[in-house]
file final-v1.cif (mmCIF, C-alpha atoms)
data_final
#
loop_
_atom_site.label_atom_id
_atom_site.label_comp_id
_atom_site.auth_asym_id
_atom_site.auth_seq_id
_atom_site.Cartn_x
_atom_site.Cartn_y
_atom_site.Cartn_z
CA MET T 1 -5.08 -19.77 -7.49
CA ASN T 2 -8.31 -19.09 -9.30
CA VAL T 3 -8.53 -18.17 -12.96
CA PHE T 4 -9.00 -14.49 -12.36
CA ASP T 5 -6.00 -14.21 -10.10
CA LYS T 6 -3.90 -16.00 -12.69
CA TYR T 7 -5.10 -13.56 -15.28
CA ILE T 8 -4.12 -10.61 -13.08
CA LYS T 9 -0.67 -12.06 -12.49
CA GLU T 10 -0.13 -12.56 -16.19
CA LYS T 11 -1.10 -9.01 -16.94
CA ILE T 12 1.25 -7.72 -14.27
CA ASP T 13 4.09 -9.67 -15.85
CA GLU T 14 3.34 -8.13 -19.22
CA GLU T 15 3.48 -4.58 -17.96
CA ASP T 16 6.59 -2.51 -17.35
CA HIS T 17 7.00 -1.69 -13.70
CA SER T 18 10.25 0.11 -13.29
CA VAL T 19 10.64 2.77 -10.67
CA PRO T 20 10.75 6.25 -12.24
CA ASP T 21 14.16 7.90 -12.30
CA SER T 22 12.92 10.86 -10.29
CA VAL T 23 12.00 8.54 -7.45
CA LYS T 24 15.29 6.66 -7.64
CA GLU T 25 17.15 9.94 -7.48
CA ARG T 26 15.13 11.04 -4.50
CA ILE T 27 15.94 7.81 -2.69
CA GLU T 28 19.66 8.23 -3.35
CA GLN T 29 19.48 11.81 -2.24
CA SER T 30 17.79 10.86 1.04
CA ILE T 31 20.31 8.13 1.67
CA SER T 32 23.22 10.45 1.05
CA GLU T 33 21.88 12.88 3.63
CA LEU T 34 21.72 10.34 6.42
CA PRO T 35 24.18 10.98 9.23
CA GLU T 36 26.64 8.31 10.39
CA ARG T 37 25.59 6.06 13.25
CA GLU T 38 27.59 5.37 16.36
CA SER T 39 28.11 1.64 16.43
CA LYS T 40 26.51 0.30 19.56
CA VAL T 41 26.27 -2.84 21.56
CA ILE T 42 25.19 -6.30 20.51
CA LYS T 43 24.68 -7.21 16.90
CA PHE T 44 22.04 -9.73 15.85
CA ARG T 45 24.55 -12.45 15.20
CA THR T 46 25.55 -12.72 18.85
CA LEU T 47 21.97 -13.14 20.05
CA PRO T 48 21.57 -16.85 19.24
CA LYS T 49 24.67 -17.49 21.34
CA VAL T 50 23.16 -15.64 24.27
CA ILE T 51 19.94 -17.62 23.92
CA ALA T 52 21.87 -20.89 23.73
CA ILE T 53 23.68 -20.08 26.95
CA ALA T 54 20.44 -19.12 28.66
CA ALA T 55 18.76 -22.31 27.48
CA SER T 56 21.57 -24.50 28.75
CA PHE T 57 21.43 -22.69 32.06
CA VAL T 58 17.71 -23.45 32.34
CA PHE T 59 18.42 -27.09 31.46
CA VAL T 60 21.01 -27.31 34.22
CA CYS T 61 18.60 -25.84 36.73
CA LEU T 62 15.74 -28.12 35.82
CA VAL T 63 17.61 -31.36 35.48
CA ILE T 64 20.74 -31.33 37.59
CA LEU T 65 19.96 -29.12 40.53
CA PRO T 66 16.83 -30.92 41.81
CA ASN T 67 18.93 -34.02 42.33
CA CYS T 68 21.39 -32.06 44.39
CA SER T 69 19.11 -30.24 46.67
CA ALA T 70 15.96 -31.09 48.55
CA VAL T 71 15.11 -27.42 48.85
CA TYR T 72 15.28 -26.95 45.15
CA ALA T 73 13.12 -30.00 44.52
CA GLN T 74 10.46 -28.46 46.71
CA ALA T 75 10.63 -25.26 44.75
CA LEU T 76 9.98 -27.30 41.63
CA GLU T 77 6.55 -28.28 42.87
CA LYS T 78 5.47 -24.73 42.33
CA ILE T 79 6.43 -24.79 38.69
CA PRO T 80 3.39 -24.74 36.40
CA VAL T 81 1.84 -28.06 35.43
CA ILE T 82 1.76 -27.11 31.80
CA GLY T 83 5.08 -26.13 30.33
CA SER T 84 5.39 -22.55 29.32
CA ILE T 85 6.75 -23.77 26.02
CA VAL T 86 3.31 -24.08 24.45
CA ARG T 87 2.70 -22.89 20.96
CA VAL T 88 -0.17 -22.63 18.51
CA VAL T 89 0.10 -23.53 14.86
CA THR T 90 -2.34 -23.39 11.97
CA ILE T 91 -2.94 -27.00 11.11
CA ARG T 92 -5.51 -26.45 8.47
CA ASN T 93 -7.05 -23.84 6.27
CA TYR T 94 -10.43 -24.12 4.59
CA PHE T 95 -10.37 -21.87 1.57
CA TYR T 96 -12.72 -21.01 -1.23
CA SER T 97 -12.99 -17.97 -3.44
CA ASP T 98 -15.18 -16.95 -6.31
CA ASP T 99 -17.10 -13.83 -7.21
CA TYR T 100 -19.96 -14.54 -4.85
CA HIS T 101 -18.62 -16.63 -2.04
CA GLN T 102 -15.50 -16.45 0.04
CA MET T 103 -14.25 -18.73 2.73
CA ASP T 104 -10.98 -18.47 4.56
CA ILE T 105 -10.91 -20.37 7.83
CA ASP T 106 -7.67 -20.91 9.72
CA VAL T 107 -7.75 -23.78 12.20
CA PRO T 108 -5.33 -23.42 15.11
CA LYS T 109 -3.94 -26.23 17.24
CA ILE T 110 -2.20 -25.98 20.58
CA GLU T 111 1.03 -27.95 20.52
CA GLY T 112 3.77 -28.72 22.99
CA SER T 113 1.39 -29.50 25.80
CA GLU T 114 0.12 -32.92 26.75
CA SER T 115 -2.83 -31.81 28.77
CA SER T 116 -6.48 -32.59 28.69
CA ALA T 117 -7.19 -28.86 28.65
CA ALA T 118 -5.28 -28.38 25.41
CA ASP T 119 -6.89 -31.50 23.93
CA TYR T 120 -10.33 -30.23 24.81
CA ILE T 121 -9.70 -26.86 23.21
CA ASN T 122 -8.22 -28.41 20.09
CA LYS T 123 -11.25 -30.62 19.71
CA ASP T 124 -13.67 -27.76 20.27
CA VAL T 125 -11.92 -25.53 17.76
CA ASP T 126 -11.80 -28.36 15.26
CA GLU T 127 -15.54 -28.92 15.59
CA LEU T 128 -16.40 -25.25 15.37
CA THR T 129 -14.34 -24.62 12.25
CA LYS T 130 -15.59 -27.76 10.57
CA LEU T 131 -19.16 -26.75 11.31
CA LEU T 132 -18.61 -23.32 9.78
CA ALA T 133 -16.91 -24.80 6.72
CA ASP T 134 -19.70 -27.35 6.24
CA ARG T 135 -22.33 -24.69 6.60
CA PHE T 136 -20.56 -22.55 4.02
CA ASN T 137 -20.41 -25.42 1.57
CA GLU T 138 -24.10 -26.15 2.04
CA ASP T 139 -24.98 -22.51 1.44
CA LEU T 140 -22.75 -22.46 -1.58
CA GLU T 141 -24.66 -25.30 -3.16
CA GLU T 142 -28.00 -23.92 -2.21
CA ILE T 143 -27.46 -20.26 -3.03
CA GLY T 144 -24.93 -20.44 -5.87
CA ASP T 145 -24.93 -17.26 -7.90
CA GLU T 146 -28.17 -16.04 -6.41
CA GLY T 147 -26.44 -14.44 -3.46
CA HIS T 148 -23.25 -13.73 -1.66
CA SER T 149 -21.65 -15.16 1.41
CA GLY T 150 -18.38 -14.93 3.22
CA ILE T 151 -16.94 -16.65 6.24
CA PHE T 152 -13.56 -15.72 7.66
CA VAL T 153 -11.97 -17.23 10.72
CA ASP T 154 -8.63 -16.38 12.19
CA TYR T 155 -7.06 -16.50 15.62
CA GLU T 156 -4.64 -14.84 17.94
CA VAL T 157 -2.69 -16.07 20.94
CA VAL T 158 -3.56 -13.23 23.28
CA THR T 159 -1.59 -14.47 26.26
CA ASN T 160 1.07 -17.14 26.58
CA THR T 161 3.03 -16.67 29.78
CA GLU T 162 4.29 -19.08 32.38
CA LYS T 163 0.98 -19.00 34.20
CA TRP T 164 -1.66 -18.32 31.60
CA PHE T 165 -2.70 -19.08 28.07
CA THR T 166 -5.46 -17.38 26.08
CA LEU T 167 -6.44 -18.23 22.53
CA LYS T 168 -8.88 -15.94 20.72
CA ILE T 169 -10.84 -17.18 17.72
CA ARG T 170 -12.49 -14.55 15.57
CA VAL T 171 -15.36 -15.42 13.31
CA HIS T 172 -16.54 -12.97 10.73
CA GLU T 173 -19.60 -13.67 8.63
CA ALA T 174 -20.20 -11.46 5.66
CA ALA T 175 -23.57 -12.10 4.11
CA GLY T 176 -26.02 -9.26 3.91
CA SER T 177 -25.17 -7.39 7.07
CA SER T 178 -21.98 -8.66 8.55
CA ASN T 179 -21.48 -10.27 11.92
CA THR T 180 -18.39 -10.73 14.04
CA TYR T 181 -18.07 -12.83 17.15
CA TYR T 182 -15.30 -14.29 19.25
CA ARG T 183 -14.53 -17.46 21.15
CA PHE T 184 -11.92 -17.21 23.87
CA TYR T 185 -10.22 -20.23 25.41
CA HIS T 186 -8.20 -19.92 28.58
CA ILE T 187 -5.87 -22.33 30.35
CA ASP T 188 -4.56 -21.69 33.83
CA LYS T 189 -1.15 -23.23 33.39
CA VAL T 190 -0.52 -23.50 37.10
CA ASN T 191 -3.28 -26.06 37.62
CA GLY T 192 -3.66 -27.14 34.02
CA LYS T 193 -7.37 -26.35 33.89
CA ILE T 194 -9.59 -24.57 31.45
CA VAL T 195 -10.93 -21.35 32.89
CA GLU T 196 -14.21 -19.62 32.26
CA LEU T 197 -15.19 -16.19 33.49
CA LYS T 198 -17.05 -17.51 36.52
CA ASP T 199 -13.99 -19.50 37.62
CA LEU T 200 -12.11 -16.27 38.32
CA PHE T 201 -14.43 -15.19 41.08
CA THR T 202 -15.28 -16.23 44.62
CA SER T 203 -18.98 -15.59 44.30
CA ASP T 204 -21.80 -15.66 41.79
CA ASP T 205 -22.20 -11.96 42.35
CA PHE T 206 -19.51 -11.38 39.79
CA ALA T 207 -22.01 -11.07 36.93
CA LYS T 208 -23.81 -8.23 38.62
CA VAL T 209 -20.66 -6.46 39.79
CA LEU T 210 -19.15 -6.58 36.32
CA ALA T 211 -22.38 -5.58 34.61
CA ASP T 212 -22.75 -2.55 36.89
CA ASN T 213 -19.18 -1.53 36.17
CA LEU T 214 -19.70 -1.92 32.44
CA ARG T 215 -22.91 0.05 32.44
CA LYS T 216 -21.19 2.90 34.24
CA GLN T 217 -18.41 2.92 31.69
CA MET T 218 -20.82 2.83 28.78
CA LYS T 219 -22.91 5.67 30.11
CA LYS T 220 -19.79 7.74 30.65
CA ILE T 221 -18.66 7.15 27.09
CA MET T 222 -22.06 8.03 25.68
CA ALA T 223 -22.19 11.19 27.77
CA LYS T 224 -18.87 12.31 26.30
CA ASP T 225 -19.58 11.33 22.71
CA SER T 226 -23.11 11.39 21.36
CA SER T 227 -22.17 9.35 18.33
CA LYS T 228 -21.54 6.31 20.54
CA ILE T 229 -24.43 4.06 21.45
CA TYR T 230 -24.62 1.15 23.84
CA TRP T 231 -27.81 -0.67 24.69
CA VAL T 232 -27.68 0.10 28.36
CA GLU T 233 -30.85 0.23 30.45
CA ASN T 234 -32.84 2.83 28.70
CA ALA T 235 -36.32 3.97 29.57
CA GLU T 236 -37.19 4.39 25.91
CA ILE T 237 -36.09 0.96 24.81
CA GLY T 238 -37.09 -0.57 28.13
CA GLN T 239 -34.33 -3.11 27.78
CA ASP T 240 -30.86 -3.76 29.02
CA PHE T 241 -28.50 -5.90 27.07
CA VAL T 242 -25.63 -5.80 29.49
CA THR T 243 -25.76 -9.22 31.10
CA LEU T 244 -22.87 -11.58 31.47
CA ASP T 245 -23.03 -15.32 31.82
CA ASP T 246 -20.55 -17.82 33.24
CA LYS T 247 -18.66 -18.16 30.01
CA HIS T 248 -18.54 -14.62 28.79
CA ASN T 249 -15.61 -13.54 26.64
CA PHE T 250 -12.64 -11.95 28.40
CA TYR T 251 -8.86 -11.76 28.45
CA TRP T 252 -6.11 -10.26 30.59
CA ASP T 253 -4.32 -7.24 29.21
CA LYS T 254 -0.59 -6.76 29.63
CA ASP T 255 -1.09 -4.82 32.85
CA GLY T 256 -3.02 -7.70 34.33
CA ASN T 257 -6.43 -6.03 34.07
CA LEU T 258 -9.52 -7.99 33.13
CA VAL T 259 -10.93 -7.00 29.74
CA ILE T 260 -14.52 -7.91 28.86
CA VAL T 261 -15.15 -8.42 25.14
CA PHE T 262 -18.51 -8.20 23.41
CA ASP T 263 -19.51 -9.67 20.07
CA LYS T 264 -20.92 -7.43 17.40
CA TYR T 265 -24.56 -6.59 18.13
CA GLU T 266 -24.28 -7.99 21.64
CA VAL T 267 -24.56 -4.68 23.48
CA ALA T 268 -24.56 -2.11 20.74
CA PRO T 269 -25.49 -1.49 17.11
CA GLY T 270 -23.24 -2.87 14.39
CA SER T 271 -21.50 0.43 13.86
CA MET T 272 -19.93 0.07 17.32
CA GLY T 273 -18.10 -3.06 16.21
CA THR T 274 -16.97 -5.45 18.95
CA PRO T 275 -16.50 -3.27 22.04
CA GLU T 276 -14.04 -4.11 24.81
CA PHE T 277 -13.91 -2.69 28.31
CA VAL T 278 -11.09 -2.76 30.83
CA ILE T 279 -12.17 -3.51 34.39
CA GLU T 280 -9.72 -1.82 36.77
CA LYS T 281 -8.18 -4.18 39.30
CA GLY T 282 -9.45 -2.15 42.22
CA ALA T 283 -13.07 -2.58 41.13
CA ILE T 284 -13.03 -6.36 41.46
CA SER T 285 -10.09 -7.30 43.67
CA ASP T 286 -12.32 -8.31 46.55
CA ILE T 287 -14.35 -10.77 44.51
CA LEU T 288 -11.49 -12.22 42.46
CA LYS T 289 -10.02 -15.46 43.70
CA PRO T 290 -6.67 -14.85 45.41
CA GLU T 291 -4.67 -16.53 42.68
CA TYR T 292 -6.05 -14.16 40.08
CA ARG T 293 -5.51 -10.88 41.87
CA MET O 1 20.60 -3.29 15.50
CA ILE O 2 21.65 -2.64 11.92
CA ASP O 3 24.33 -0.30 10.71
CA LYS O 4 24.02 2.47 8.14
CA ASP O 5 25.35 0.45 5.23
CA THR O 6 22.93 -2.39 5.82
CA PHE O 7 20.11 0.09 6.20
CA CYS O 8 20.90 1.73 2.86
CA GLU O 9 21.25 -1.65 1.21
CA GLN O 10 17.82 -2.68 2.46
CA ILE O 11 16.29 0.60 1.33
CA ARG O 12 17.57 0.14 -2.19
CA LEU O 13 16.41 -3.46 -2.21
CA HIS O 14 12.86 -2.37 -1.46
CA GLU O 15 12.66 0.67 -3.68
CA LYS O 16 10.02 -0.81 -5.95
CA THR O 17 7.75 -1.86 -3.12
CA MET O 18 8.11 1.52 -1.44
CA TYR O 19 7.21 3.26 -4.66
CA TYR O 20 4.18 1.09 -5.32
CA LEU O 21 2.82 1.54 -1.85
CA ALA O 22 3.43 5.29 -1.74
CA PHE O 23 1.99 5.75 -5.20
CA SER O 24 -1.11 3.74 -4.36
CA LEU O 25 -1.83 6.23 -1.61
CA VAL O 26 -0.83 9.60 -3.07
CA GLN O 27 -1.44 8.75 -6.70
CA ASN O 28 1.32 10.70 -8.36
CA GLU O 29 5.05 10.35 -8.81
CA ALA O 30 6.14 13.63 -7.25
CA ASP O 31 4.23 13.15 -4.00
CA ALA O 32 5.33 9.53 -3.84
CA ALA O 33 8.96 10.68 -4.03
CA ASP O 34 8.37 13.17 -1.21
CA VAL O 35 6.72 10.55 0.95
CA ILE O 36 9.52 8.08 0.38
CA GLY O 37 12.17 10.67 1.17
CA GLU O 38 10.47 11.56 4.44
CA ALA O 39 9.87 7.91 5.33
CA ILE O 40 13.52 6.98 4.81
CA LEU O 41 14.52 9.65 7.27
CA ARG O 42 11.97 8.52 9.83
CA ALA O 43 12.95 4.90 9.45
CA TYR O 44 16.59 5.76 9.97
CA LYS O 45 15.82 7.79 13.09
CA ASN O 46 13.88 4.87 14.53
CA ILE O 47 16.17 2.12 13.41
CA ASP O 48 16.66 0.94 16.99
CA ALA O 49 12.99 -0.02 17.15
CA LEU O 50 13.64 -2.69 14.56
CA LYS O 51 14.12 -6.06 16.20
CA SER O 52 15.65 -8.01 13.36
CA GLU O 53 16.72 -7.68 9.75
CA LYS O 54 14.01 -10.10 8.74
CA ALA O 55 11.38 -7.65 9.90
CA PHE O 56 12.82 -4.79 7.85
CA LYS O 57 10.41 -4.91 4.92
CA PRO O 58 7.09 -4.90 6.78
CA TRP O 59 8.46 -2.36 9.25
CA LEU O 60 9.60 -0.07 6.44
CA LEU O 61 6.32 -0.41 4.58
CA LYS O 62 4.35 0.46 7.66
CA ILE O 63 6.38 3.66 7.96
CA ILE O 64 5.76 4.45 4.30
CA HIS O 65 2.05 3.88 4.81
CA ASN O 66 1.84 6.09 7.88
CA THR O 67 3.94 8.81 6.26
CA ALA O 68 1.74 8.81 3.18
CA VAL O 69 -1.43 9.01 5.22
CA GLU O 70 -0.08 11.97 7.17
CA TYR O 71 1.11 13.60 3.98
CA ILE O 72 -2.35 13.35 2.47
CA ARG O 73 -3.95 14.85 5.55
CA LYS O 74 -1.46 17.70 5.77
CA ASN O 75 -1.71 18.67 2.15
CA ALA O 76 -5.43 17.97 1.97
CA LYS O 77 -5.16 17.79 -1.73
CA THR O 78 -8.32 16.80 -3.41
CA ILE O 79 -6.99 13.78 -5.13
CA SER O 80 -6.89 14.52 -8.78
CA SER O 81 -9.54 11.89 -9.28
CA GLN O 82 -10.98 13.92 -12.06
CA GLU O 83 -7.69 13.68 -13.89
CA ILE O 84 -7.69 9.97 -13.36
CA ASP O 85 -11.24 9.53 -14.57
CA VAL O 86 -10.48 11.49 -17.69
CA ALA O 87 -7.45 9.34 -18.34
CA VAL O 88 -9.53 6.21 -17.99
CA GLU O 89 -12.23 7.54 -20.26
CA ASN O 90 -9.79 8.43 -22.98
CA ASP O 91 -8.53 4.92 -22.92
CA ILE O 92 -11.86 3.28 -23.39
CA GLU O 93 -11.20 3.21 -27.07
CA THR O 94 -7.84 1.56 -26.59
CA LYS O 95 -7.35 -1.37 -24.25
CA LEU O 96 -7.22 -0.41 -20.57
CA THR O 97 -4.02 -1.55 -18.98
CA LEU O 98 -4.27 -3.32 -15.69
CA TRP O 99 -2.24 -0.60 -14.01
CA GLN O 100 -4.60 2.11 -15.18
CA THR O 101 -7.52 0.10 -13.94
CA VAL O 102 -5.93 -0.49 -10.58
CA LYS O 103 -5.08 3.20 -10.26
CA SER O 104 -8.74 4.02 -10.78
CA LEU O 105 -9.91 1.96 -7.81
CA GLN O 106 -11.06 3.71 -4.67
CA GLN O 107 -9.24 3.23 -1.41
CA PRO O 108 -8.67 0.93 0.39
CA TYR O 109 -9.02 -1.41 -2.60
CA ARG O 110 -6.26 0.28 -4.53
CA THR O 111 -3.58 -0.17 -1.87
CA VAL O 112 -4.65 -3.69 -0.94
CA THR O 113 -4.67 -4.74 -4.60
CA ILE O 114 -1.21 -3.39 -5.19
CA LEU O 115 0.27 -4.98 -2.09
CA TYR O 116 -1.36 -8.33 -2.76
CA TYR O 117 -0.95 -8.73 -6.51
CA TYR O 118 2.00 -6.55 -7.38
CA GLU O 119 4.05 -7.10 -4.27
CA ASP O 120 2.94 -10.63 -3.35
CA LEU O 121 2.47 -9.74 0.29
CA SER O 122 0.37 -11.98 2.49
CA ILE O 123 -2.91 -10.97 4.06
CA SER O 124 -1.23 -10.88 7.43
CA GLU O 125 1.60 -8.65 6.21
CA ILE O 126 -0.84 -6.30 4.54
CA SER O 127 -2.92 -6.03 7.67
CA LYS O 128 0.12 -5.03 9.72
CA ILE O 129 1.24 -2.44 7.20
CA THR O 130 -2.16 -0.84 6.82
CA ASP O 131 -2.89 -1.20 10.53
CA THR O 132 -6.08 -3.12 10.18
CA THR O 133 -7.26 -6.69 10.70
CA ALA O 134 -6.63 -9.70 8.51
CA VAL O 135 -10.36 -10.17 8.23
CA ALA O 136 -10.79 -6.63 6.92
CA VAL O 137 -8.01 -7.10 4.38
CA LYS O 138 -9.61 -10.26 3.09
CA GLN O 139 -12.88 -8.47 2.67
CA GLN O 140 -11.25 -5.57 0.88
CA LEU O 141 -9.41 -7.90 -1.44
CA SER O 142 -12.58 -9.76 -2.19
CA ARG O 143 -14.34 -6.54 -3.14
CA ALA O 144 -11.35 -5.25 -5.09
CA ARG O 145 -11.40 -8.42 -7.12
CA LYS O 146 -15.03 -7.92 -7.87
CA GLN O 147 -14.47 -4.38 -9.08
CA LEU O 148 -11.51 -5.34 -11.18
CA ARG O 149 -13.44 -8.16 -12.72
CA GLU O 150 -16.17 -5.78 -13.69
CA LEU O 151 -13.80 -3.19 -15.12
CA LEU O 152 -11.73 -5.71 -17.00
CA LYS O 153 -14.51 -8.02 -18.08
CA GLU O 154 -14.09 -7.50 -21.78
CA ASP O 155 -10.43 -8.23 -21.68
CA PHE O 156 -10.81 -11.07 -19.21
CA VAL O 157 -13.39 -12.85 -21.30
CA LYS O 158 -10.98 -12.96 -24.21
#

call {"tool": "encode", "arguments": {"input": "final-v1.cif", "output": "structure tokens"}}
result
Amino acid sequence: MNVFDKYIKEKIDEEDHSVPDSVKERIEQSISELPERESKVIKFRTLPKVIAIAASFVFVCLVILPNCSAVYAQALEKIPVIGSIVRVVTIRNYFYSDDYHQMDIDVPKIEGSESSAADYINKDVDELTKLLADRFNEDLEEIGDEGHSGIFVDYEVVTNTEKWFTLKIRVHEAAGSSNTYYRFYHIDKVNGKIVELKDLFTSDDFAKVLADNLRKQMKKIMAKDSSKIYWVENAEIGQDFVTLDDKHNFYWDKDGNLVIVFDKYEVAPGSMGTPEFVIEKGAISDILKPEYR
Amino acid sequence: MIDKDTFCEQIRLHEKTMYYLAFSLVQNEADAADVIGEAILRAYKNIDALKSEKAFKPWLLKIIHNTAVEYIRKNAKTISSQEIDVAVENDIETKLTLWQTVKSLQQPYRTVTILYYYEDLSISEISKITDTTAVAVKQQLSRARKQLRELLKEDFVK
């Protein structure tokens, strides 16, 4: 903890922080007015037992049954290559904080999966975060108290089902005007491979089809709300920023729709943040590969 | 699912945190009491949404936060910032307490400061309660620190 934070904590300890009586009374009054509850079904304590039974059932199915039945063994072949029991942990945090410079970088690692896909992602993430941390430290030395900088990295496991895994890394740079961008990593657990946007589609047309869809959506939004701006083909600007490449950022939402994600400033001014657009299944079902429909 | 007795026990356990959070938003004792009263009722009505006892505190605080925000909108009170400024000014002669200084911060710095320093909540917990991102909370905290440092510089230097 830095010196200033310590100072704040000390001051807090010195002060009296009791809850005023009027508030305590109000709390008691509210509590006393609560009606009785009907006691219902399962309490928390029984849940672990249920899970234990379920887990042992799964164990039986996976281990014992295949040996008993040829049919079942065949069914096993369809089980995903990468176990669904994959998890992501923060293995490292780069942290620095003073009045002018802030760094807080969480480094995730995929665990529970011995696959080259997971290894590749872990290595890539490791390199990216190290690069950002090194760059921050260089700037810190160079700039010192003459300027400000901030770098914040965190992550989210967007999807982790039997068939699919998506890890989203968010990078936020705060120096002068701020910048936010994402890196998405996807693993198709069924074949154990890393997936990029182009891998979802049967033809290279996908970029154009998606871009057309996105432009339509953007224009519709702008027509409804004049405060929203996207850099869609515009006679005045003479430029169109809506182009997607093979690796563009995306994820699947919980309804199984494709969601395209843009970095800050990629297709719109900073005030629009990092826009996302849902592509309805119907719009792309004929160009999606069968396994992704 | 938790029963009424456990619910009440948990409420009492978190009374200080509830008060600090509500106060940080509505800035006076009476409104904070109203907000808490309303939030307790809402929490109780939605108790089935709570997945485990461990999640009680952040879940409760999120309800307090949302209730306070609605309360502010409904009452559209111009926050008695003038009163607060006057109070701060009068104290320039005497030493400013940390609490007075924190109370004088603008939002969202005030709430984030209180949750982080007074309640020892993590960035992640704060972001869930205030319904924003961890990155945003970190930024807010960073700026809050800067402001506090400026306001408290004389005392800090000593």

call {"tool": "resolve_selection", "arguments": {"input": "final-v1.cif", "expression": "the PyMOL selection byres ((chain T) within 7 of (chain O))", "output": "ChimeraX atom specification"}}
result
/T:9,11,19,23,26-27,30-31,36-37,43-44,99,152

call {"tool": "residues_around", "arguments": {"input": "final-v1.cif", "residues": "stretch 109-112 of chain T", "least_positions_apart": "5", "cutoff": "10 Å", "atoms": "only C-alpha atoms", "output": "PyMOL selection string"}}
result
chain T and resi 82-92+117-119+121-123+125-126+157+167

call {"tool": "resolve_selection", "arguments": {"input": "final-v1.cif", "expression": "the PyMOL selection byres ((chain T and resi 168-174) around 6)", "output": "ChimeraX atom specification"}}
result
/T:149-156,167,175,178-184

call {"tool": "atom_distance", "arguments": {"input": "final-v1.cif", "atom1": "atom CA of T:Leu244", "atom2": "atom CA of T:Glu291"}}
result
21.9 Å

call {"tool": "atom_distance", "arguments": {"input": "final-v1.cif", "atom1": "atom CA of O:Phe56", "atom2": "atom CA of T:Thr159"}}
result
25.3 Å
